[in-house]
$ cat query-v6.csv   # CSV, C-alpha atoms
chain,number,residue,atom,x,y,z
A,1,MET,CA,-26.1,35.9,24.4
A,2,THR,CA,-23.7,38.3,22.9
A,3,VAL,CA,-20.1,37.9,24.0
A,4,HIS,CA,-18.3,41.1,25.0
A,5,ASN,CA,-16.3,40.4,28.1
A,6,ILE,CA,-13.6,37.8,27.6
A,7,LEU,CA,-11.2,36.4,30.1
A,8,ILE,CA,-8.1,34.6,28.9
A,9,VAL,CA,-6.2,32.5,31.5
A,10,ASP,CA,-2.9,31.2,30.2
A,11,ASP,CA,0.7,31.3,31.5
A,12,SER,CA,2.1,31.9,28.1
A,13,PRO,CA,2.1,35.5,26.9
A,14,ILE,CA,2.5,34.2,23.3
A,15,SER,CA,-0.6,32.0,23.7
A,16,ARG,CA,-2.6,34.9,25.0
A,17,LYS,CA,-1.4,37.1,22.1
A,18,ILE,CA,-2.4,34.3,19.6
A,19,LEU,CA,-5.9,34.0,21.2
A,20,ARG,CA,-6.4,37.8,21.1
A,21,ALA,CA,-5.4,37.8,17.4
A,22,CYS,CA,-7.9,35.0,16.7
A,23,LEU,CA,-10.9,37.1,17.9
A,24,PRO,CA,-12.9,38.5,15.0
A,25,ARG,CA,-11.4,41.9,14.0
A,26,GLU,CA,-14.7,43.4,13.0
A,27,ARG,CA,-16.0,43.2,16.6
A,28,THR,CA,-14.9,44.9,19.8
A,29,PHE,CA,-14.3,42.8,23.0
A,30,ALA,CA,-13.2,43.7,26.5
A,31,VAL,CA,-10.4,41.2,27.1
A,32,THR,CA,-8.9,40.6,30.5
A,33,GLU,CA,-5.8,38.3,30.9
A,34,ALA,CA,-4.4,36.3,33.7
A,35,GLY,CA,-1.1,34.4,33.7
A,36,ASP,CA,-2.0,31.7,36.2
A,37,GLY,CA,-5.0,29.8,37.4
A,38,ARG,CA,-5.3,31.5,40.8
A,39,THR,CA,-5.3,35.0,39.3
A,40,GLY,CA,-7.7,33.9,36.6
A,41,LEU,CA,-10.1,32.6,39.2
A,42,GLN,CA,-9.9,35.9,41.1
A,43,LEU,CA,-10.6,37.9,38.0
A,44,PHE,CA,-13.5,35.5,37.2
A,45,ARG,CA,-15.0,36.3,40.6
A,46,ASP,CA,-14.4,40.0,40.4
A,47,ARG,CA,-15.9,40.5,37.0
A,48,PRO,CA,-17.7,37.5,35.7
A,49,PRO,CA,-16.9,37.2,31.9
A,50,ASP,CA,-19.3,36.2,29.1
A,51,LEU,CA,-16.6,33.7,28.0
A,52,THR,CA,-13.4,32.3,29.5
A,53,PHE,CA,-10.6,30.8,27.5
A,54,LEU,CA,-8.7,28.6,29.9
A,55,ASP,CA,-5.3,26.7,29.5
A,56,LEU,CA,-4.8,23.4,31.4
A,57,THR,CA,-1.1,23.3,32.2
A,58,MET,CA,-0.4,26.4,34.4
A,59,PRO,CA,1.4,27.3,37.6
A,60,ARG,CA,-0.4,28.3,40.7
A,61,MET,CA,-3.5,26.2,40.2
A,62,ALA,CA,-3.8,24.0,37.2
A,63,GLY,CA,-6.5,24.5,34.6
A,64,LEU,CA,-8.7,21.6,35.5
A,65,GLU,CA,-8.8,22.7,39.2
A,66,CYS,CA,-9.5,26.3,38.0
A,67,LEU,CA,-12.3,25.0,35.7
A,68,ALA,CA,-14.0,23.1,38.6
A,69,GLU,CA,-13.8,26.2,40.8
A,70,MET,CA,-15.3,28.4,38.1
A,71,LYS,CA,-18.2,26.0,37.4
A,72,ALA,CA,-18.8,25.7,41.2
A,73,LEU,CA,-19.0,29.5,41.4
A,74,GLU,CA,-21.1,29.9,38.3
A,75,PRO,CA,-22.6,26.7,36.8
A,76,ARG,CA,-23.7,28.6,33.7
A,77,ALA,CA,-20.2,30.0,33.0
A,78,VAL,CA,-19.0,29.4,29.5
A,79,VAL,CA,-15.5,28.1,29.7
A,80,VAL,CA,-13.6,27.0,26.6
A,81,VAL,CA,-10.4,25.0,27.3
A,82,VAL,CA,-7.5,25.9,25.0
A,83,THR,CA,-4.7,23.5,25.5
A,84,ALA,CA,-1.5,21.8,24.3
A,85,ASP,CA,-2.4,18.8,26.5
A,86,VAL,CA,-4.3,16.8,23.9
A,87,GLN,CA,-4.5,13.5,25.7
A,88,ALA,CA,-7.9,12.0,25.3
A,89,ARG,CA,-8.2,11.6,29.1
A,90,SER,CA,-7.4,15.3,29.7
A,91,LEU,CA,-9.9,16.5,27.1
A,92,SER,CA,-12.7,14.2,28.4
A,93,ARG,CA,-12.0,15.3,32.0
A,94,ALA,CA,-12.3,18.9,30.9
A,95,LEU,CA,-15.7,18.2,29.3
A,96,GLU,CA,-16.8,16.2,32.4
A,97,LEU,CA,-16.0,19.3,34.6
A,98,GLY,CA,-18.2,21.5,32.4
A,99,ALA,CA,-16.0,22.9,29.7
A,100,ALA,CA,-18.2,24.1,26.9
A,101,GLU,CA,-15.6,23.1,24.3
A,102,VAL,CA,-12.0,22.2,23.9
A,103,LEU,CA,-9.7,23.9,21.4
A,104,ARG,CA,-6.2,22.5,20.6
A,105,LYS,CA,-3.3,24.9,20.5
A,106,PRO,CA,-2.5,26.8,18.5
A,107,PRO,CA,-6.1,28.0,17.9
A,108,THR,CA,-7.1,29.4,14.5
A,109,ARG,CA,-9.3,32.4,13.7
A,110,GLU,CA,-11.8,30.0,12.1
A,111,ALA,CA,-12.0,27.8,15.2
A,112,VAL,CA,-12.5,30.8,17.6
A,113,ALA,CA,-15.1,32.3,15.3
A,114,ALA,CA,-17.0,29.0,15.3
A,115,VAL,CA,-16.8,28.8,19.1
A,116,LEU,CA,-18.2,32.3,19.4
A,117,ALA,CA,-21.0,31.4,16.9
A,118,ARG,CA,-22.0,28.4,19.0
A,119,VAL,CA,-21.8,30.3,22.3
A,120,GLU,CA,-23.9,33.1,21.0
A,121,ALA,CA,-26.5,30.9,19.2
A,122,PRO,CA,-29.8,31.0,21.0
A,123,PRO,CA,-30.6,27.9,23.1
A,124,GLY,CA,-32.3,25.2,21.0
A,125,GLY,CA,-30.7,26.2,17.8
A,126,PRO,CA,-30.8,29.1,15.3
A,127,ASP,CA,-34.6,28.9,14.8
A,128,ALA,CA,-35.4,29.1,18.5
A,129,SER,CA,-35.5,32.9,18.7
A,130,ARG,CA,-38.1,33.3,15.9
B,1,MET,CA,27.0,36.7,27.0
B,2,PRO,CA,24.0,34.4,27.6
B,3,ALA,CA,23.6,31.6,25.1
B,4,ALA,CA,20.2,32.9,23.9
B,5,ASP,CA,21.9,36.2,23.0
B,6,ALA,CA,24.7,34.4,21.3
B,7,ALA,CA,22.2,32.4,19.3
B,8,GLY,CA,20.5,35.6,18.2
B,9,LEU,CA,17.4,35.0,20.2
B,10,THR,CA,15.6,37.7,22.2
B,11,LEU,CA,13.4,37.1,25.2
B,12,GLY,CA,10.4,37.4,22.9
B,13,ASP,CA,11.9,34.7,20.6
B,14,LEU,CA,12.3,32.5,23.6
B,15,ASP,CA,8.6,33.0,24.5
B,16,ILE,CA,7.6,31.9,21.1
B,17,LEU,CA,9.9,28.9,21.2
B,18,GLN,CA,8.6,27.9,24.6
B,19,GLU,CA,5.0,28.0,23.4
B,20,LEU,CA,5.9,25.9,20.3
B,21,LEU,CA,7.8,23.3,22.3
B,22,ASN,CA,4.9,23.2,24.8
B,23,ILE,CA,2.5,22.4,21.9
B,24,ALA,CA,4.9,19.9,20.4
B,25,PHE,CA,5.6,18.2,23.7
B,26,GLY,CA,1.9,18.1,24.5
B,27,THR,CA,1.3,16.2,21.2
B,28,ALA,CA,4.1,13.8,22.0
B,29,SER,CA,2.8,13.2,25.5
B,30,ALA,CA,-0.6,12.4,24.1
B,31,GLU,CA,1.0,9.8,21.9
B,32,LEU,CA,2.8,8.3,24.9
B,33,ALA,CA,-0.3,8.4,27.0
B,34,ALA,CA,-2.2,6.5,24.3
B,35,ARG,CA,0.6,3.9,24.1
B,36,LEU,CA,0.7,3.5,27.9
B,37,ASP,CA,-3.1,3.7,28.2
B,38,HIS,CA,-2.5,6.0,31.1
B,39,ARG,CA,-2.8,9.7,31.6
B,40,VAL,CA,0.6,11.5,31.6
B,41,VAL,CA,0.3,14.6,33.9
B,42,LEU,CA,2.5,17.4,32.5
B,43,SER,CA,4.2,20.2,34.4
B,44,VAL,CA,4.7,23.7,33.1
B,45,PRO,CA,7.7,23.4,30.8
B,46,ASP,CA,10.7,25.6,31.0
B,47,VAL,CA,12.8,26.5,27.9
B,48,GLN,CA,16.3,27.8,28.1
B,49,VAL,CA,19.2,28.2,25.6
B,50,ILE,CA,22.6,27.3,27.1
B,51,PRO,CA,26.0,26.5,25.5
B,52,SER,CA,26.2,22.9,24.5
B,53,VAL,CA,29.4,22.6,26.5
B,54,LEU,CA,27.5,23.2,29.7
B,55,LEU,CA,24.8,20.5,29.0
B,56,ARG,CA,26.5,17.8,31.0
B,57,TYR,CA,26.9,20.1,34.0
B,58,TYR,CA,23.3,21.3,33.7
B,59,VAL,CA,22.1,17.7,33.7
B,60,GLY,CA,24.3,16.8,36.6
B,61,ALA,CA,22.9,19.7,38.6
B,62,GLU,CA,19.3,19.2,37.7
B,63,LEU,CA,19.3,15.5,38.5
B,64,LYS,CA,21.6,15.6,41.5
B,65,GLU,CA,19.1,13.6,43.6
B,66,GLN,CA,19.4,10.7,41.1
B,67,ARG,CA,22.3,8.3,41.3
B,68,ALA,CA,21.7,7.1,37.8
B,69,ILE,CA,20.0,8.2,34.7
B,70,SER,CA,18.9,6.8,31.3
B,71,VAL,CA,19.4,8.6,28.1
B,72,VAL,CA,17.9,8.3,24.6
B,73,GLU,CA,19.9,10.1,22.0
B,74,GLN,CA,18.8,10.7,18.4
B,75,GLU,CA,20.1,12.9,15.7
B,76,PHE,CA,17.7,14.9,13.6
B,77,GLY,CA,18.1,16.6,10.2
B,78,GLY,CA,16.5,19.4,8.3
B,79,ASP,CA,16.5,23.2,8.5
B,80,PHE,CA,16.6,22.9,12.3
B,81,HIS,CA,19.0,20.0,12.8
B,82,GLY,CA,21.0,18.7,15.7
B,83,SER,CA,20.9,16.0,18.4
B,84,ALA,CA,18.0,15.3,20.8
B,85,PHE,CA,18.5,13.8,24.2
B,86,LEU,CA,15.7,12.5,26.4
B,87,VAL,CA,17.1,12.2,29.9
B,88,LEU,CA,15.1,10.4,32.6
B,89,PRO,CA,16.1,9.2,36.1
B,90,ALA,CA,16.7,5.5,36.2
B,91,SER,CA,13.6,5.1,38.3
B,92,ALA,CA,11.5,6.1,35.3
B,93,THR,CA,12.4,3.0,33.5
B,94,ALA,CA,10.6,0.9,36.0
B,95,SER,CA,7.5,3.1,35.6
B,96,LEU,CA,7.6,2.7,31.9
B,97,LEU,CA,8.0,-1.1,32.1
B,98,ALA,CA,5.1,-1.4,34.5
B,99,LEU,CA,2.8,0.5,32.1
B,100,LEU,CA,3.9,-0.8,28.7
B,101,PRO,CA,2.2,-3.9,27.4
B,102,ALA,CA,4.3,-7.0,28.2
B,103,GLY,CA,6.4,-8.1,25.3
B,104,PRO,CA,8.2,-11.4,24.7
B,105,GLU,CA,10.2,-12.9,27.5
B,106,ARG,CA,13.6,-11.1,27.6
B,107,PRO,CA,16.3,-10.3,30.0
B,108,ALA,CA,15.5,-7.3,32.2
B,109,ALA,CA,18.2,-5.1,30.7
B,110,GLU,CA,16.9,-5.7,27.2
B,111,ARG,CA,13.3,-5.0,28.3
B,112,ALA,CA,14.5,-1.7,29.9
B,113,ARG,CA,16.4,-0.7,26.7
B,114,ALA,CA,13.3,-1.5,24.6
B,115,ALA,CA,11.0,0.5,26.9
B,116,LEU,CA,13.3,3.5,26.8
B,117,ALA,CA,13.7,3.2,23.0
B,118,GLU,CA,9.9,3.2,22.6
B,119,ALA,CA,9.4,6.2,24.9
B,120,GLY,CA,12.2,8.1,23.1
B,121,LYS,CA,10.8,7.3,19.7
B,122,ILE,CA,7.5,8.7,20.7
B,123,LEU,CA,8.6,11.7,22.8
B,124,ILE,CA,11.5,12.8,20.6
B,125,GLY,CA,10.1,11.8,17.2
B,126,THR,CA,6.6,13.2,17.7
B,127,CYS,CA,7.8,16.4,19.4
B,128,LEU,CA,10.3,17.2,16.6
B,129,ALA,CA,7.7,16.4,13.9
B,130,ARG,CA,5.1,18.7,15.5
B,131,LEU,CA,7.7,21.4,16.0
B,132,ALA,CA,8.8,21.2,12.4
B,133,GLU,CA,5.2,21.3,11.3
B,134,LEU,CA,4.5,24.5,13.3
B,135,LEU,CA,7.7,26.0,11.9
B,136,GLY,CA,6.7,25.2,8.3
B,137,THR,CA,9.5,22.7,7.7
B,138,ALA,CA,10.2,19.0,7.9
B,139,VAL,CA,12.5,16.9,10.0
B,140,THR,CA,14.2,13.5,9.6
B,141,CYS,CA,15.2,11.4,12.5
B,142,GLY,CA,18.3,9.1,12.6
B,143,PRO,CA,18.9,6.0,14.6
B,144,GLN,CA,18.7,6.0,18.4
B,145,ALA,CA,21.3,5.3,21.0
B,146,VAL,CA,19.9,4.2,24.3
B,147,THR,CA,22.0,4.3,27.5
B,148,VAL,CA,20.4,2.6,30.5
B,149,GLU,CA,21.3,3.6,34.0
B,150,ALA,CA,24.5,5.5,33.4
B,151,GLN,CA,26.2,7.9,35.7
B,152,ARG,CA,24.7,11.4,35.6
B,153,GLY,CA,27.8,12.9,33.9
B,154,ALA,CA,27.5,10.4,31.0
B,155,ALA,CA,24.2,11.9,29.7
B,156,VAL,CA,25.7,14.2,27.1
B,157,ARG,CA,28.9,13.6,25.1
B,158,PRO,CA,31.5,16.3,25.7
B,159,ASP,CA,32.3,16.5,22.0
B,160,LEU,CA,28.8,17.6,21.0
B,161,PHE,CA,29.2,20.2,18.2
B,162,GLY,CA,31.5,23.1,18.9
B,163,THR,CA,32.0,24.1,22.5
B,164,GLY,CA,30.3,27.4,21.9
B,165,ASN,CA,27.2,26.1,20.1
B,166,PRO,CA,23.9,26.6,21.7
B,167,ALA,CA,21.5,24.0,23.0
B,168,VAL,CA,17.7,24.4,23.5
B,169,VAL,CA,16.7,22.8,26.8
B,170,LEU,CA,13.1,21.8,27.4
B,171,ARG,CA,12.7,20.9,31.1
B,172,THR,CA,9.4,19.3,32.1
B,173,ALA,CA,8.2,16.7,34.6
B,174,PHE,CA,6.0,13.8,33.9
B,175,ASN,CA,3.7,11.9,36.2
B,176,PHE,CA,2.7,8.4,35.1
B,177,GLY,CA,0.3,8.0,38.0
B,178,HIS,CA,3.0,7.4,40.6
B,179,ALA,CA,5.6,9.9,41.8
B,180,ASP,CA,6.6,12.8,39.7
B,181,VAL,CA,9.3,11.8,37.2
B,182,PRO,CA,11.5,14.7,36.1
B,183,GLY,CA,12.2,14.4,32.4
B,184,TYR,CA,14.4,16.5,30.2
B,185,LEU,CA,14.5,17.0,26.5
B,186,PHE,CA,17.6,18.6,25.1
B,187,LEU,CA,17.9,19.8,21.5
B,188,ALA,CA,21.5,20.5,20.9
B,189,SER,CA,21.9,22.4,17.7
B,190,SER,CA,24.4,24.1,15.4
B,191,ASP,CA,24.9,27.8,14.8
B,192,ALA,CA,23.5,27.4,11.3
B,193,ALA,CA,20.3,25.8,12.7
B,194,MET,CA,19.9,28.5,15.3
B,195,ARG,CA,20.3,31.2,12.6
B,196,TRP,CA,17.5,29.5,10.7
B,197,LEU,CA,15.3,29.3,13.8
B,198,ARG,CA,14.8,33.0,14.6
B,199,PRO,CA,13.1,34.0,11.3
B,200,ALA,CA,11.1,30.8,11.4
B,201,LEU,CA,9.8,31.7,14.8
B,202,HIS,CA,8.8,35.2,13.4
B,203,ARG,CA,7.1,33.6,10.4
B,204,PHE,CA,5.0,31.5,12.7
B,205,MET,CA,3.8,34.6,14.5
B,206,THR,CA,3.1,36.7,11.4
B,207,GLN,CA,-0.1,34.6,10.8
B,208,TYR,CA,-1.4,36.1,14.1
B,209,GLU,CA,-0.6,39.7,13.4

$ encode --input "query-v6.csv" --output "structure tokens"
Amino acid sequence: MTVHNILIVDDSPISRKILRACLPRERTFAVTEAGDGRTGLQLFRDRPPDLTFLDLTMPRMAGLECLAEMKALEPRAVVVVVTADVQARSLSRALELGAAEVLRKPPTREAVAAVLARVEAPPGGPDASR
Amino acid sequence: MPAADAAGLTLGDLDILQELLNIAFGTASAELAARLDHRVVLSVPDVQVIPSVLLRYYVGAELKEQRAISVVEQEFGGDFHGSAFLVLPASATASLLALLPAGPERPAAERARAALAEAGKILIGTCLARLAELLGTAVTCGPQAVTVEAQRGAAVRPDLFGTGNPAVVLRTAFNFGHADVPGYLFLASSDAAMRWLRPALHRFMTQYE
């Protein structure tokens, strides 16, 4: 899978700006942003993204609830949680609900590039497509 | 003039500060959750800059439903220096005592003071350390002063810095598994520290430009 459409759901405009800046500059992405969980879920329904970056602590629907709804709508959706809530229980709950990965805030360019590489890797590993 | 303006902070600067405090407080809450062996549910934090002289009135208004509050005060030093106050309703002390591992037999007042001191050490100390790390500096923390179940107005000393000096207010609410417990972290600072803060916030963002 090649990631092109990205949805960023985070109430912090600074956090969204940081995530945008961490995307590889040599590539072009269509990025959509939402400032709360409910709006993010609506955008997710209207235009299913290739990859969603989702915050956990948000107004109008918290991230874990939003994640559960997204996975119920589209079980194969790739949702990466990006959060300042780094409690072990929060992170494991996100993974239980189907998050592909969890990134701690603030993300780095290296971490985001690594996430993209893993998401875009063919199922079964890099040799599977040969 | 709003205190944020007086401190030389724009709305964009406040957004950066809010995000950094959100990250720092998230780290501190994870430390507390590990100590309590219990998930701490966090609310969306709100950050404001208000004059230090208004802090005691702010606390009184915010916690008007509470008859008594508990306060942990700690001075911190470094480029961004000042005094930190963790303010919790008195009912939070019982929640903390119920979750913290039982220590040696002690009078209830001593146990309450020890529980608040431990929560303050984790929430203030870890939050300031992470904030300093994000801002590319270091912080030192002084001894604590713990006040258990005081009147609301006693939360913040009236002589804190100059009357016109700004204070950063992080308002958030915890949930330890029972009722929501509103908690407040105040970082009262000096003009010099606030002058240092603005370029430090911009330096943090330059790595993402």

$ atom_distance --input "query-v6.csv" --atom1 "atom CA of B:Ala129" --atom2 "atom CA of B:Ala33"
17.3 Å

$ residues_around --input "query-v6.csv" --residues "stretch 46-53 of chain A" --least-positions-apart "5" --cutoff "7 Å" --atoms "all atoms listed in the file" --output "ChimeraX atom specification"
/A:3-9,78-82

$ closest_residue --input "query-v6.csv" --among "B:Pro89, B:Gly60, B:Pro45, B:Gly183" --to "chain A" --atoms "all atoms listed in the file"
B:Pro45

$ residues_around --input "query-v6.csv" --residues "B:Leu88" --least-positions-apart "4" --cutoff "7 Å" --atoms "all atoms listed in the file" --output "number ranges by chain"
B: 69-71, 92, 182-184

$ interface_residues --input "query-v6.csv" --of "chain A" --to "chain B" --cutoff "9 Å" --atoms "all atoms listed in the file" --output "list in words"
Asp11, Ser12, Pro13, Ile14, Ser15, Lys17, Ile18, Leu19, Arg20, Ala21, Cys22, Thr57, Met58, Pro59, Thr83, Ala84, Asp85, Val86, Gln87, Ala88, Arg89, Ser90, Arg104, Lys105, Pro106, Thr108 and Arg109 of chain A

$ atom_distance --input "query-v6.csv" --atom1 "atom CA of B:Phe85" --atom2 "atom CA of B:Glu73"
4.5 Å

$ residues_around --input "query-v6.csv" --residues "A:Glu74" --least-positions-apart "5" --cutoff "10 Å" --atoms "only C-alpha atoms" --output "number ranges by chain"
A: 44-45, 48, 68-69

$ atom_distance --input "query-v6.csv" --atom1 "atom CA of A:Val112" --atom2 "atom CA of B:Thr126"
26.0 Å

$ residues_around --input "query-v6.csv" --residues "B:Val47" --least-positions-apart "6" --cutoff "7 Å" --atoms "all atoms listed in the file" --output "count of residues only"
5

$ closest_residue --input "query-v6.csv" --among "B:Asp79, B:Ala173, B:Ala167, B:Leu97" --to "B:Ala192" --atoms "only C-alpha atoms"
B:Asp79

$ residues_around --input "query-v6.csv" --residues "B:Gly82" --least-positions-apart "6" --cutoff "12 Å" --atoms "only C-alpha atoms" --output "list in words"
Ser52, Glu73, Gln74, Glu75, Phe76, Leu128, Val139, Thr140, Cys141, Gly142, Leu160, Phe161, Gly162, Asn165, Pro166, Ala167, Val168, Phe186, Leu187, Ala188, Ser189, Ser190, Asp191, Ala192, Ala193 and Met194 of chain B

$ decode --input "query-v6.csv" --residues "stretch 15-75 of chain A" --atoms "C-alpha atoms" --output "short mmCIF file (atom, residue, chain, number, x, y, z; two decimals), in the first residue's frame"
data_model
loop_
_atom_site.label_atom_id
_atom_site.label_comp_id
_atom_site.auth_asym_id
_atom_site.auth_seq_id
_atom_site.Cartn_x
_atom_site.Cartn_y
_atom_site.Cartn_z
CA SER A 15 0.61 19.19 17.34
CA ARG A 16 -0.98 19.01 13.88
CA LYS A 17 1.68 21.37 12.52
CA ILE A 18 4.45 19.24 14.02
CA LEU A 19 3.01 16.07 12.47
CA ARG A 20 2.73 17.70 9.05
CA ALA A 21 6.35 18.84 9.36
CA CYS A 22 7.44 15.30 10.20
CA LEU A 23 6.07 13.85 6.95
CA PRO A 24 8.82 13.13 4.40
CA ARG A 25 9.43 16.30 2.38
CA GLU A 26 10.32 14.48 -0.81
CA ARG A 27 6.81 13.06 -1.08
CA THR A 28 3.39 14.60 -1.62
CA PHE A 29 0.49 13.80 0.69
CA ALA A 30 -3.12 14.93 0.80
CA VAL A 31 -3.51 15.83 4.46
CA THR A 32 -6.86 16.50 6.12
CA GLU A 33 -7.08 17.77 9.68
CA ALA A 34 -9.69 17.63 12.43
CA GLY A 35 -9.57 19.39 15.79
CA ASP A 36 -11.73 16.92 17.74
CA GLY A 37 -12.71 13.28 17.69
CA ARG A 38 -16.24 13.71 16.37
CA THR A 39 -15.14 15.79 13.38
CA GLY A 40 -12.28 13.36 12.79
CA LEU A 41 -14.71 10.45 12.70
CA GLN A 42 -16.94 12.30 10.22
CA LEU A 43 -13.98 13.00 7.92
CA PHE A 44 -12.91 9.38 8.27
CA ARG A 45 -16.37 8.30 7.09
CA ASP A 46 -16.59 10.83 4.26
CA ARG A 47 -13.17 10.17 2.80
CA PRO A 48 -11.50 7.06 4.20
CA PRO A 49 -7.80 7.88 4.56
CA ASP A 50 -4.86 5.57 3.89
CA LEU A 51 -3.47 6.46 7.30
CA THR A 52 -4.88 8.24 10.34
CA PHE A 53 -2.82 9.92 13.07
CA LEU A 54 -5.03 10.13 16.16
CA ASP A 55 -4.53 11.94 19.48
CA LEU A 56 -6.03 10.41 22.64
CA THR A 57 -6.92 13.38 24.85
CA MET A 58 -9.41 15.47 22.89
CA PRO A 59 -12.71 17.30 23.35
CA ARG A 60 -15.95 16.06 21.73
CA MET A 61 -15.09 12.34 21.70
CA ALA A 62 -11.86 11.12 23.21
CA GLY A 63 -9.28 9.34 21.09
CA LEU A 64 -9.91 5.80 22.36
CA GLU A 65 -13.63 6.09 21.60
CA CYS A 66 -12.85 7.55 18.18
CA LEU A 67 -10.38 4.72 17.50
CA ALA A 68 -12.98 2.09 18.41
CA GLU A 69 -15.53 3.71 16.07
CA MET A 70 -13.03 3.92 13.21
CA LYS A 71 -12.07 0.26 13.56
CA ALA A 72 -15.77 -0.71 13.74
CA LEU A 73 -16.38 1.18 10.49
CA GLU A 74 -13.30 -0.14 8.74
CA PRO A 75 -11.45 -2.98 10.50
#
